[in-house]
$ cat upload20.csv   # CSV, C-alpha atoms
chain,number,residue,atom,x,y,z
A,1,MET,CA,18.2,47.1,-23.3
A,2,LEU,CA,14.5,46.5,-23.7
A,3,LYS,CA,15.1,43.9,-26.4
A,4,PHE,CA,17.6,42.1,-24.1
A,5,ASN,CA,15.1,42.0,-21.3
A,6,LEU,CA,12.3,40.7,-23.5
A,7,PHE,CA,14.7,38.0,-24.8
A,8,LEU,CA,15.7,37.1,-21.3
A,9,VAL,CA,12.1,36.8,-20.2
A,10,PHE,CA,11.3,34.7,-23.2
A,11,SER,CA,14.2,32.5,-22.6
A,12,LEU,CA,13.3,32.0,-18.9
A,13,LEU,CA,9.7,31.0,-20.0
A,14,ILE,CA,11.1,28.4,-22.4
A,15,ILE,CA,13.3,26.9,-19.7
A,16,ALA,CA,10.4,26.9,-17.2
A,17,ASN,CA,8.1,25.3,-19.7
A,18,SER,CA,10.7,22.7,-20.7
A,19,HIS,CA,11.1,21.5,-17.1
A,20,ALA,CA,7.3,21.4,-16.7
A,21,ASN,CA,7.1,19.4,-19.9
A,22,LEU,CA,9.8,17.1,-18.6
A,23,LEU,CA,7.9,16.4,-15.4
A,24,ASP,CA,4.8,15.7,-17.5
A,25,ASP,CA,6.9,13.3,-19.6
A,26,ALA,CA,8.0,11.5,-16.4
A,27,ARG,CA,4.4,11.2,-15.3
A,28,GLU,CA,3.5,9.7,-18.7
A,29,GLN,CA,6.3,7.2,-18.4
A,30,ILE,CA,5.0,6.3,-15.0
A,31,ASN,CA,1.5,5.7,-16.4
A,32,LEU,CA,3.1,3.4,-18.9
A,33,LYS,CA,5.0,1.7,-16.0
A,34,ASN,CA,8.3,2.7,-17.6
A,35,TYR,CA,9.8,3.6,-14.2
A,36,ASP,CA,13.5,3.6,-15.2
A,37,SER,CA,12.7,6.0,-18.0
A,38,ALA,CA,10.8,8.3,-15.6
A,39,ILE,CA,13.7,8.3,-13.2
A,40,GLN,CA,16.1,9.4,-16.0
A,41,ILE,CA,13.8,12.2,-17.0
A,42,ASN,CA,13.5,13.3,-13.3
A,43,ASN,CA,17.2,13.2,-12.9
A,44,LEU,CA,17.5,15.7,-15.9
A,45,VAL,CA,15.1,18.1,-14.1
A,46,ILE,CA,17.1,17.7,-10.9
A,47,ALA,CA,20.3,18.5,-12.7
A,48,THR,CA,19.1,21.5,-14.7
A,49,SER,CA,16.3,23.2,-12.9
A,50,LYS,CA,16.9,26.1,-10.6
A,51,ILE,CA,13.4,26.0,-9.0
A,52,ASP,CA,13.1,24.1,-5.7
A,53,GLN,CA,9.5,23.1,-6.3
A,54,GLU,CA,10.4,21.5,-9.6
A,55,ILE,CA,13.4,19.7,-8.2
A,56,ALA,CA,11.3,18.5,-5.2
A,57,ASP,CA,8.6,17.2,-7.5
A,58,ALA,CA,11.2,15.3,-9.5
A,59,HIS,CA,12.6,13.7,-6.4
A,60,PHE,CA,9.0,12.8,-5.3
A,61,SER,CA,8.3,11.3,-8.7
A,62,SER,CA,11.5,9.2,-8.6
A,63,ALA,CA,10.6,8.0,-5.1
A,64,TYR,CA,7.3,6.7,-6.4
A,65,CYS,CA,9.2,4.9,-9.2
A,66,TYR,CA,11.7,3.3,-6.8
A,67,LYS,CA,8.8,2.1,-4.6
A,68,LYS,CA,7.2,0.5,-7.7
A,69,LEU,CA,10.5,-1.1,-8.5
A,70,ASN,CA,10.6,-2.6,-5.0
A,71,ASP,CA,13.6,-0.5,-3.9
A,72,PRO,CA,12.4,1.1,-0.7
A,73,THR,CA,15.8,2.4,0.3
A,74,PHE,CA,16.2,4.6,-2.7
A,75,ALA,CA,12.5,5.5,-2.5
A,76,ILE,CA,13.0,6.8,1.1
A,77,ASP,CA,16.2,8.7,0.0
A,78,GLU,CA,14.3,10.4,-2.8
A,79,TYR,CA,11.3,11.3,-0.5
A,80,LEU,CA,13.7,12.8,2.0
A,81,ASN,CA,15.4,14.8,-0.8
A,82,ALA,CA,11.9,16.1,-1.8
A,83,LEU,CA,11.1,16.9,1.9
A,84,GLN,CA,14.1,19.2,2.2
A,85,LEU,CA,13.0,21.3,-0.7
A,86,TYR,CA,9.2,21.5,-0.3
A,87,THR,CA,7.9,24.6,1.4
A,88,ASP,CA,4.1,23.9,1.3
A,89,ASP,CA,2.8,22.0,4.4
A,90,LEU,CA,0.5,19.8,2.3
A,91,ASP,CA,3.4,18.7,0.1
A,92,LYS,CA,5.4,17.9,3.2
A,93,SER,CA,2.5,16.0,4.7
A,94,SER,CA,2.1,13.8,1.6
A,95,THR,CA,5.9,13.1,1.5
A,96,LEU,CA,6.0,12.2,5.2
A,97,ASN,CA,3.0,10.0,4.9
A,98,ASN,CA,4.6,8.1,2.0
A,99,ILE,CA,7.8,7.6,4.0
A,100,GLY,CA,5.7,6.3,6.9
A,101,ASN,CA,4.0,3.8,4.5
A,102,LEU,CA,7.4,2.4,3.4
A,103,PHE,CA,8.5,1.9,7.0
A,104,LEU,CA,5.0,0.3,7.7
A,105,SER,CA,5.5,-2.2,4.8
A,106,ALA,CA,9.0,-3.0,6.2
A,107,GLN,CA,7.3,-3.7,9.7
A,108,LEU,CA,9.3,-0.9,11.3
A,109,TYR,CA,6.3,0.4,13.1
A,110,GLN,CA,7.9,2.9,15.5
A,111,LYS,CA,9.6,4.7,12.6
A,112,ALA,CA,6.4,4.6,10.6
A,113,MET,CA,4.5,6.2,13.5
A,114,ALA,CA,7.1,9.1,13.8
A,115,PHE,CA,6.5,10.1,10.2
A,116,PHE,CA,2.7,9.7,10.4
A,117,ASN,CA,2.7,11.9,13.4
A,118,GLN,CA,4.5,14.6,11.5
A,119,ALA,CA,2.2,14.2,8.5
A,120,ILE,CA,-0.9,14.6,10.7
A,121,GLU,CA,0.5,17.9,12.3
A,122,LEU,CA,0.9,19.4,8.8
A,123,GLU,CA,-2.3,18.2,7.1
A,124,GLU,CA,-5.4,20.3,6.8
A,125,ASP,CA,-8.9,19.1,7.7
A,126,SER,CA,-9.6,16.8,4.7
A,127,VAL,CA,-9.9,13.2,3.6
A,128,PHE,CA,-6.1,13.2,3.4
A,129,LEU,CA,-6.0,13.8,7.2
A,130,ALA,CA,-8.3,10.8,7.6
A,131,ARG,CA,-5.9,8.7,5.7
A,132,ARG,CA,-3.0,9.8,7.8
A,133,PHE,CA,-4.9,8.8,11.0
A,134,LEU,CA,-5.8,5.4,9.5
A,135,ASN,CA,-2.2,4.7,8.6
A,136,ARG,CA,-1.0,5.7,12.0
A,137,SER,CA,-3.7,3.5,13.5
A,138,ILE,CA,-2.4,0.5,11.5
A,139,ALA,CA,1.1,1.0,13.0
A,140,LEU,CA,-0.4,1.4,16.5
A,141,MET,CA,-2.3,-1.9,16.0
A,142,TYR,CA,0.9,-3.7,15.2
A,143,LEU,CA,2.4,-2.2,18.3
A,144,LYS,CA,-0.6,-3.5,20.3
A,145,LYS,CA,-1.7,0.0,21.3
A,146,TYR,CA,-5.3,-0.8,20.6
A,147,ASP,CA,-7.0,2.0,22.4
A,148,GLN,CA,-4.9,4.7,20.6
A,149,ALA,CA,-5.5,2.9,17.3
A,150,LYS,CA,-9.2,2.8,17.8
A,151,GLU,CA,-9.2,6.5,18.7
A,152,GLY,CA,-7.5,7.3,15.5
A,153,ILE,CA,-9.8,5.2,13.4
A,154,LYS,CA,-12.8,6.8,14.9
A,155,ILE,CA,-11.4,10.3,14.1
A,156,ALA,CA,-10.9,9.1,10.5
A,157,GLU,CA,-14.4,7.7,10.4
A,158,LYS,CA,-15.8,11.1,11.5
A,159,ILE,CA,-13.9,12.9,8.8
A,160,GLY,CA,-15.1,10.4,6.2
A,161,LEU,CA,-18.7,11.1,7.3
A,162,LYS,CA,-18.1,14.9,7.3
A,163,PHE,CA,-16.8,14.9,3.7
A,164,LYS,CA,-19.2,12.0,2.6
A,165,ASP,CA,-16.2,10.0,1.6
A,166,ILE,CA,-17.2,6.4,1.2
A,167,TYR,CA,-13.7,5.1,0.8
A,168,ILE,CA,-12.7,6.5,4.2
A,169,GLN,CA,-15.8,5.1,5.8
A,170,PHE,CA,-15.0,1.7,4.3
A,171,GLN,CA,-11.4,1.7,5.4
A,172,SER,CA,-12.4,2.7,9.0
A,173,ALA,CA,-14.9,-0.2,9.3
A,174,ASN,CA,-12.4,-2.6,7.8
A,175,GLN,CA,-9.6,-1.5,10.1
A,176,LEU,CA,-11.9,-1.8,13.1
A,177,GLY,CA,-12.7,-5.4,12.0
A,178,LEU,CA,-9.0,-6.2,11.7
A,179,MET,CA,-8.4,-4.8,15.2
A,180,GLU,CA,-11.2,-7.0,16.6
A,181,ILE,CA,-9.5,-10.0,15.1
A,182,GLU,CA,-6.3,-9.1,16.9
A,183,LEU,CA,-8.3,-8.9,20.1
A,184,GLY,CA,-10.0,-12.3,19.4
A,185,LYS,CA,-13.5,-10.7,19.1
A,186,TYR,CA,-14.5,-12.5,16.0
A,187,GLU,CA,-18.2,-11.8,16.0
A,188,GLU,CA,-17.5,-8.1,16.3
A,189,ALA,CA,-15.0,-8.4,13.5
A,190,ILE,CA,-17.6,-10.0,11.2
A,191,GLN,CA,-20.0,-7.1,11.9
A,192,TYR,CA,-17.4,-4.5,10.9
A,193,PHE,CA,-16.4,-6.4,7.8
A,194,GLN,CA,-20.0,-6.8,6.7
A,195,LYS,CA,-20.5,-3.1,7.2
A,196,ALA,CA,-17.3,-2.4,5.2
A,197,ASN,CA,-18.5,-4.8,2.4
A,198,GLN,CA,-21.6,-2.8,2.0
A,199,LEU,CA,-19.6,0.3,1.4
A,200,ASP,CA,-17.0,-1.1,-1.0
A,201,PHE,CA,-17.7,-1.7,-4.6
A,202,SER,CA,-14.8,-4.2,-5.0
A,203,GLN,CA,-15.8,-6.5,-2.2
A,204,LYS,CA,-12.4,-6.4,-0.7
A,205,THR,CA,-13.6,-7.5,2.7
A,206,TYR,CA,-14.7,-10.9,1.4
A,207,VAL,CA,-11.0,-11.7,2.1
A,208,ASN,CA,-11.2,-10.6,5.7
A,209,LEU,CA,-14.5,-12.4,6.2
A,210,GLY,CA,-12.9,-15.6,5.0
A,211,LEU,CA,-10.0,-15.0,7.3
A,212,VAL,CA,-12.1,-14.5,10.4
A,213,TYR,CA,-14.2,-17.6,9.7
A,214,GLY,CA,-11.0,-19.6,9.2
A,215,LEU,CA,-9.7,-18.4,12.6
A,216,GLN,CA,-12.9,-19.8,14.1
A,217,SER,CA,-12.3,-23.2,12.3
A,218,GLN,CA,-15.4,-22.7,10.2
A,219,THR,CA,-13.7,-24.0,7.1
A,220,GLU,CA,-16.6,-24.1,4.7
A,221,GLU,CA,-17.6,-20.5,5.4
A,222,ALA,CA,-14.0,-19.4,5.0
A,223,ILE,CA,-13.6,-21.2,1.7
A,224,THR,CA,-16.9,-19.6,0.5
A,225,TYR,CA,-15.7,-16.1,1.2
A,226,PHE,CA,-12.2,-16.6,-0.2
A,227,ARG,CA,-13.8,-17.8,-3.4
A,228,LYS,CA,-16.1,-14.9,-3.5
A,229,ALA,CA,-13.1,-12.6,-3.1
A,230,ILE,CA,-11.3,-14.3,-5.9
A,231,ASN,CA,-14.4,-14.2,-8.2
A,232,TYR,CA,-15.6,-10.7,-7.5
A,233,THR,CA,-12.8,-8.4,-6.3
A,234,LYS,CA,-11.2,-6.1,-8.9
A,235,ARG,CA,-8.1,-5.4,-6.8
A,236,PRO,CA,-5.0,-7.5,-7.5
A,237,LYS,CA,-3.9,-7.3,-3.8
A,238,ALA,CA,-7.2,-8.5,-2.5
A,239,LYS,CA,-7.3,-11.4,-5.0
A,240,PHE,CA,-3.7,-12.3,-4.2
A,241,LYS,CA,-4.5,-12.4,-0.4
A,242,ALA,CA,-7.6,-14.5,-1.0
A,243,LEU,CA,-5.6,-17.0,-3.1
A,244,GLN,CA,-2.8,-17.0,-0.5
A,245,TYR,CA,-5.1,-17.6,2.5
A,246,LEU,CA,-7.2,-20.2,0.7
A,247,GLY,CA,-4.0,-22.0,-0.3
A,248,ASP,CA,-2.8,-22.0,3.3
A,249,LEU,CA,-6.2,-23.3,4.4
A,250,TYR,CA,-6.2,-26.1,2.0
A,251,LEU,CA,-2.6,-26.9,3.0
A,252,LYS,CA,-3.7,-27.0,6.7
A,253,ILE,CA,-6.5,-29.5,6.0
A,254,GLY,CA,-4.4,-31.7,3.7
A,255,GLU,CA,-6.0,-30.8,0.4
A,256,PHE,CA,-2.6,-30.6,-1.3
A,257,GLU,CA,-3.6,-30.2,-4.9
A,258,LEU,CA,-6.1,-27.5,-4.2
A,259,ALA,CA,-3.4,-25.8,-2.0
A,260,LYS,CA,-0.9,-26.0,-4.9
A,261,GLU,CA,-3.5,-24.6,-7.3
A,262,ASN,CA,-4.3,-21.5,-5.2
A,263,LEU,CA,-0.8,-20.8,-4.0
A,264,SER,CA,0.6,-21.0,-7.5
A,265,GLN,CA,-2.0,-18.5,-8.7
A,266,ALA,CA,-1.1,-16.3,-5.8
A,267,LYS,CA,2.6,-16.6,-6.7
A,268,ASN,CA,1.9,-15.6,-10.3
A,269,LEU,CA,-0.1,-12.5,-9.1
A,270,TYR,CA,2.7,-11.4,-6.7
A,271,SER,CA,4.5,-9.2,-9.3
A,272,GLU,CA,1.2,-7.3,-10.1
A,273,ILE,CA,0.9,-6.0,-6.5
A,274,SER,CA,1.8,-2.3,-6.3
A,275,THR,CA,3.0,-2.5,-2.7
A,276,THR,CA,4.2,-5.8,-1.1
A,277,ASP,CA,5.2,-6.5,2.4
A,278,ILE,CA,6.9,-9.3,4.3
A,279,ASP,CA,3.6,-11.1,4.9
A,280,ASP,CA,2.9,-11.2,1.2
A,281,SER,CA,6.2,-13.0,0.5
A,282,LYS,CA,5.1,-15.8,2.8
A,283,VAL,CA,3.2,-17.2,-0.1
A,284,PHE,CA,6.5,-18.6,-1.3
A,285,GLN,CA,7.1,-20.2,2.1
A,286,SER,CA,3.6,-21.8,1.9
A,287,LEU,CA,4.3,-23.1,-1.6
A,288,ALA,CA,7.7,-24.5,-0.3
A,289,GLY,CA,5.7,-26.2,2.5
A,290,PHE,CA,3.5,-27.9,-0.1
A,291,TYR,CA,6.5,-29.2,-2.0
A,292,GLU,CA,8.1,-30.5,1.2
A,293,GLN,CA,4.9,-32.3,2.3
A,294,THR,CA,4.5,-33.9,-1.1
A,295,GLY,CA,8.2,-35.1,-1.2
A,296,LYS,CA,9.6,-32.6,-3.7
A,297,LYS,CA,12.5,-31.4,-1.5
A,298,ASN,CA,14.5,-29.7,-4.2
A,299,MET,CA,11.5,-27.6,-5.3
A,300,ALA,CA,10.9,-26.8,-1.6
A,301,ILE,CA,14.5,-25.5,-1.1
A,302,GLU,CA,14.4,-23.5,-4.4
A,303,THR,CA,11.1,-21.8,-3.5
A,304,LEU,CA,12.2,-21.2,0.1
A,305,ASN,CA,15.4,-19.5,-1.1
A,306,LEU,CA,13.2,-17.3,-3.3
A,307,SER,CA,11.2,-16.3,-0.3
A,308,PHE,CA,14.4,-15.3,1.6
A,309,ASP,CA,15.5,-13.2,-1.4
A,310,LEU,CA,12.2,-11.3,-1.4

$ encode --input "upload20.csv" --output "structure tokens"
Amino acid sequence: MLKFNLFLVFSLLIIANSHANLLDDAREQINLKNYDSAIQINNLVIATSKIDQEIADAHFSSAYCYKKLNDPTFAIDEYLNALQLYTDDLDKSSTLNNIGNLFLSAQLYQKAMAFFNQAIELEEDSVFLARRFLNRSIALMYLKKYDQAKEGIKIAEKIGLKFKDIYIQFQSANQLGLMEIELGKYEEAIQYFQKANQLDFSQKTYVNLGLVYGLQSQTEEAITYFRKAINYTKRPKAKFKALQYLGDLYLKIGEFELAKENLSQAKNLYSEISTTDIDDSKVFQSLAGFYEQTGKKNMAIETLNLSFDL
């Protein structure tokens, strides 16, 4: 009997380790951007493991893969599967936050807010709580609930200061700048963006500074900041947005070749963005606008159709 029990314990340890190893293998495939392979490994864990935490982690991992593969419907399904199995509040908060972000990208702001609210209720006092408040504030801004959005950003900013987290402080200043743009307070927006730029190593807010100068019809200043963003930022999304906005600006002032050059570069960067939204896909509409204005109607239709597909 003793030998049998020892054998059983040994066998259970092997099985547990094998599932842990499989989850590690899935993570490695994700690091290599082999998302389909990671999903297959996660499915094996889901089919064979008897431990809820492991199965939940596999669903969570697959959700991330589907998000990277630009399949938000499957991503949400997998996150919901993980949510049903997680027992830890912090795991639940992270999952709810990720679902909220997917709805935010799809411009379904009320649904996004519902998930962010749940995530905030479950999160502990940490930088992650600050991120939940920032995400909810973005949804509130799109819903034009500016007072509530500002309140949430200020809470996030306090948490960032408490934990000496530069990234949270940067994001708070940046979001306040974006909100001031929405309210038409351009000088205030510039002040927030300049503050954010001092906190951010990648100079992401050069893009927003260009945007706000463009909205004030200060074309030269806008071009200067967009070019700074293109030259100095290390983030693909920030570089993409700078190229997109600069291309749109050149299109607006009739500099068609420069518009084509920047919009084409933005189009080529599109596939490198980790998370895209509807506004990002408008680069194809802008490029279609260039083709139409330069008499290339077939190219305009082809590019516009690609925009609709995205």

$ residues_around --input "upload20.csv" --residues "A:Tyr142" --least-positions-apart "6" --cutoff "10 Å" --atoms "all atoms listed in the file" --output "list in words"
Leu104, Gln107, Leu108, Tyr109, Gln110, Ala149, Met179 and Glu182 of chain A

$ residues_around --input "upload20.csv" --residues "stretch 26-43 of chain A" --least-positions-apart "2" --cutoff "6 Å" --atoms "only C-alpha atoms" --output "ChimeraX atom specification"
/A:23-24,45-46,58,62,65

$ residues_near_point --input "upload20.csv" --point "(0.5, -32.5, -3.5)" --cutoff "10 Å" --atoms "only C-alpha atoms" --output "JSON, numbers by chain"
{"A": [251, 254, 255, 256, 257, 258, 259, 260, 261, 290, 291, 292, 293, 294, 295, 296]}

$ atom_distance --input "upload20.csv" --atom1 "atom CA of A:Ser172" --atom2 "atom CA of A:Gln148"
14.0 Å

$ residues_near_point --input "upload20.csv" --point "(-12.0, -13.6, -6.8)" --cutoff "10 Å" --atoms "all atoms listed in the file" --output "list in words"
Ser202, Gln203, Lys204, Tyr206, Val207, Tyr225, Phe226, Arg227, Lys228, Ala229, Ile230, Asn231, Tyr232, Thr233, Lys234, Arg235, Pro236, Ala238, Lys239, Phe240, Lys241, Ala242 and Leu243 of chain A

$ build_atoms --input "upload20.csv" --residues "stretch 167-203 of chain A" --atoms "N, CA and C atoms" --output "PDB file, in the frame of the given file"
ATOM      1  N   TYR A 167     -14.911   5.847   0.694  1.00  0.00           N
ATOM      2  CA  TYR A 167     -13.700   5.100   0.800  1.00  0.00           C
ATOM      3  C   TYR A 167     -13.135   5.146   2.263  1.00  0.00           C
ATOM      4  N   ILE A 168     -13.138   6.347   2.859  1.00  0.00           N
ATOM      5  CA  ILE A 168     -12.700   6.500   4.200  1.00  0.00           C
ATOM      6  C   ILE A 168     -13.564   5.743   5.203  1.00  0.00           C
ATOM      7  N   GLN A 169     -14.866   5.814   4.976  1.00  0.00           N
ATOM      8  CA  GLN A 169     -15.800   5.100   5.800  1.00  0.00           C
ATOM      9  C   GLN A 169     -15.560   3.573   5.730  1.00  0.00           C
ATOM     10  N   PHE A 170     -15.326   3.099   4.501  1.00  0.00           N
ATOM     11  CA  PHE A 170     -15.000   1.700   4.300  1.00  0.00           C
ATOM     12  C   PHE A 170     -13.741   1.278   5.023  1.00  0.00           C
ATOM     13  N   GLN A 171     -12.683   2.066   4.823  1.00  0.00           N
ATOM     14  CA  GLN A 171     -11.400   1.700   5.400  1.00  0.00           C
ATOM     15  C   GLN A 171     -11.499   1.742   6.961  1.00  0.00           C
ATOM     16  N   SER A 172     -12.273   2.669   7.504  1.00  0.00           N
ATOM     17  CA  SER A 172     -12.400   2.700   9.000  1.00  0.00           C
ATOM     18  C   SER A 172     -13.096   1.476   9.494  1.00  0.00           C
ATOM     19  N   ALA A 173     -14.183   1.066   8.855  1.00  0.00           N
ATOM     20  CA  ALA A 173     -14.900  -0.200   9.300  1.00  0.00           C
ATOM     21  C   ALA A 173     -13.978  -1.376   9.126  1.00  0.00           C
ATOM     22  N   ASN A 174     -13.248  -1.424   8.020  1.00  0.00           N
ATOM     23  CA  ASN A 174     -12.400  -2.600   7.800  1.00  0.00           C
ATOM     24  C   ASN A 174     -11.258  -2.655   8.808  1.00  0.00           C
ATOM     25  N   GLN A 175     -10.648  -1.517   9.150  1.00  0.00           N
ATOM     26  CA  GLN A 175      -9.600  -1.500  10.100  1.00  0.00           C
ATOM     27  C   GLN A 175     -10.083  -1.871  11.527  1.00  0.00           C
ATOM     28  N   LEU A 176     -11.306  -1.424  11.849  1.00  0.00           N
ATOM     29  CA  LEU A 176     -11.900  -1.800  13.100  1.00  0.00           C
ATOM     30  C   LEU A 176     -12.114  -3.316  13.192  1.00  0.00           C
ATOM     31  N   GLY A 177     -12.524  -3.904  12.060  1.00  0.00           N
ATOM     32  CA  GLY A 177     -12.700  -5.400  12.000  1.00  0.00           C
ATOM     33  C   GLY A 177     -11.377  -6.082  12.210  1.00  0.00           C
ATOM     34  N   LEU A 178     -10.313  -5.591  11.576  1.00  0.00           N
ATOM     35  CA  LEU A 178      -9.000  -6.200  11.700  1.00  0.00           C
ATOM     36  C   LEU A 178      -8.509  -6.110  13.187  1.00  0.00           C
ATOM     37  N   MET A 179      -8.814  -4.986  13.826  1.00  0.00           N
ATOM     38  CA  MET A 179      -8.400  -4.800  15.200  1.00  0.00           C
ATOM     39  C   MET A 179      -9.171  -5.806  16.113  1.00  0.00           C
ATOM     40  N   GLU A 180     -10.445  -6.016  15.838  1.00  0.00           N
ATOM     41  CA  GLU A 180     -11.200  -7.000  16.600  1.00  0.00           C
ATOM     42  C   GLU A 180     -10.674  -8.393  16.466  1.00  0.00           C
ATOM     43  N   ILE A 181     -10.162  -8.716  15.268  1.00  0.00           N
ATOM     44  CA  ILE A 181      -9.500 -10.000  15.100  1.00  0.00           C
ATOM     45  C   ILE A 181      -8.309 -10.129  16.011  1.00  0.00           C
ATOM     46  N   GLU A 182      -7.504  -9.065  16.061  1.00  0.00           N
ATOM     47  CA  GLU A 182      -6.300  -9.100  16.900  1.00  0.00           C
ATOM     48  C   GLU A 182      -6.717  -9.292  18.391  1.00  0.00           C
ATOM     49  N   LEU A 183      -7.875  -8.767  18.762  1.00  0.00           N
ATOM     50  CA  LEU A 183      -8.300  -8.900  20.100  1.00  0.00           C
ATOM     51  C   LEU A 183      -9.119 -10.189  20.378  1.00  0.00           C
ATOM     52  N   GLY A 184      -9.272 -10.999  19.324  1.00  0.00           N
ATOM     53  CA  GLY A 184     -10.000 -12.300  19.400  1.00  0.00           C
ATOM     54  C   GLY A 184     -11.494 -12.112  19.500  1.00  0.00           C
ATOM     55  N   LYS A 185     -12.006 -10.953  19.098  1.00  0.00           N
ATOM     56  CA  LYS A 185     -13.500 -10.700  19.100  1.00  0.00           C
ATOM     57  C   LYS A 185     -14.000 -10.924  17.709  1.00  0.00           C
ATOM     58  N   TYR A 186     -14.212 -12.179  17.372  1.00  0.00           N
ATOM     59  CA  TYR A 186     -14.500 -12.500  16.000  1.00  0.00           C
ATOM     60  C   TYR A 186     -15.909 -12.107  15.535  1.00  0.00           C
ATOM     61  N   GLU A 187     -16.893 -12.194  16.408  1.00  0.00           N
ATOM     62  CA  GLU A 187     -18.200 -11.800  16.000  1.00  0.00           C
ATOM     63  C   GLU A 187     -18.291 -10.286  15.729  1.00  0.00           C
ATOM     64  N   GLU A 188     -17.600  -9.503  16.573  1.00  0.00           N
ATOM     65  CA  GLU A 188     -17.500  -8.100  16.300  1.00  0.00           C
ATOM     66  C   GLU A 188     -16.804  -7.762  15.029  1.00  0.00           C
ATOM     67  N   ALA A 189     -15.754  -8.540  14.759  1.00  0.00           N
ATOM     68  CA  ALA A 189     -15.000  -8.400  13.500  1.00  0.00           C
ATOM     69  C   ALA A 189     -15.891  -8.600  12.308  1.00  0.00           C
ATOM     70  N   ILE A 190     -16.692  -9.651  12.366  1.00  0.00           N
ATOM     71  CA  ILE A 190     -17.600 -10.000  11.200  1.00  0.00           C
ATOM     72  C   ILE A 190     -18.568  -8.832  10.999  1.00  0.00           C
ATOM     73  N   GLN A 191     -19.083  -8.222  12.060  1.00  0.00           N
ATOM     74  CA  GLN A 191     -20.000  -7.100  11.900  1.00  0.00           C
ATOM     75  C   GLN A 191     -19.369  -5.929  11.197  1.00  0.00           C
ATOM     76  N   TYR A 192     -18.139  -5.624  11.595  1.00  0.00           N
ATOM     77  CA  TYR A 192     -17.400  -4.500  10.900  1.00  0.00           C
ATOM     78  C   TYR A 192     -17.140  -4.829   9.482  1.00  0.00           C
ATOM     79  N   PHE A 193     -16.735  -6.069   9.204  1.00  0.00           N
ATOM     80  CA  PHE A 193     -16.400  -6.400   7.800  1.00  0.00           C
ATOM     81  C   PHE A 193     -17.669  -6.422   6.945  1.00  0.00           C
ATOM     82  N   GLN A 194     -18.797  -6.842   7.505  1.00  0.00           N
ATOM     83  CA  GLN A 194     -20.000  -6.800   6.700  1.00  0.00           C
ATOM     84  C   GLN A 194     -20.444  -5.355   6.435  1.00  0.00           C
ATOM     85  N   LYS A 195     -20.238  -4.476   7.410  1.00  0.00           N
ATOM     86  CA  LYS A 195     -20.500  -3.100   7.200  1.00  0.00           C
ATOM     87  C   LYS A 195     -19.573  -2.517   6.097  1.00  0.00           C
ATOM     88  N   ALA A 196     -18.286  -2.879   6.165  1.00  0.00           N
ATOM     89  CA  ALA A 196     -17.300  -2.400   5.200  1.00  0.00           C
ATOM     90  C   ALA A 196     -17.679  -2.938   3.782  1.00  0.00           C
ATOM     91  N   ASN A 197     -18.128  -4.177   3.735  1.00  0.00           N
ATOM     92  CA  ASN A 197     -18.500  -4.800   2.400  1.00  0.00           C
ATOM     93  C   ASN A 197     -19.612  -4.077   1.752  1.00  0.00           C
ATOM     94  N   GLN A 198     -20.516  -3.540   2.527  1.00  0.00           N
ATOM     95  CA  GLN A 198     -21.600  -2.800   2.000  1.00  0.00           C
ATOM     96  C   GLN A 198     -21.203  -1.457   1.374  1.00  0.00           C
ATOM     97  N   LEU A 199     -20.058  -0.956   1.853  1.00  0.00           N
ATOM     98  CA  LEU A 199     -19.600   0.300   1.400  1.00  0.00           C
ATOM     99  C   LEU A 199     -18.580   0.228   0.234  1.00  0.00           C
ATOM    100  N   ASP A 200     -18.071  -0.981  -0.024  1.00  0.00           N
ATOM    101  CA  ASP A 200     -17.000  -1.100  -1.000  1.00  0.00           C
ATOM    102  C   ASP A 200     -17.379  -1.844  -2.225  1.00  0.00           C
ATOM    103  N   PHE A 201     -17.218  -1.159  -3.365  1.00  0.00           N
ATOM    104  CA  PHE A 201     -17.700  -1.700  -4.600  1.00  0.00           C
ATOM    105  C   PHE A 201     -16.854  -2.955  -5.048  1.00  0.00           C
ATOM    106  N   SER A 202     -15.610  -3.073  -4.562  1.00  0.00           N
ATOM    107  CA  SER A 202     -14.800  -4.200  -5.000  1.00  0.00           C
ATOM    108  C   SER A 202     -14.825  -5.409  -4.155  1.00  0.00           C
ATOM    109  N   GLN A 203     -15.646  -5.355  -3.112  1.00  0.00           N
ATOM    110  CA  GLN A 203     -15.800  -6.500  -2.200  1.00  0.00           C
ATOM    111  C   GLN A 203     -14.529  -6.999  -1.609  1.00  0.00           C
TER     112      GLN A 203
END
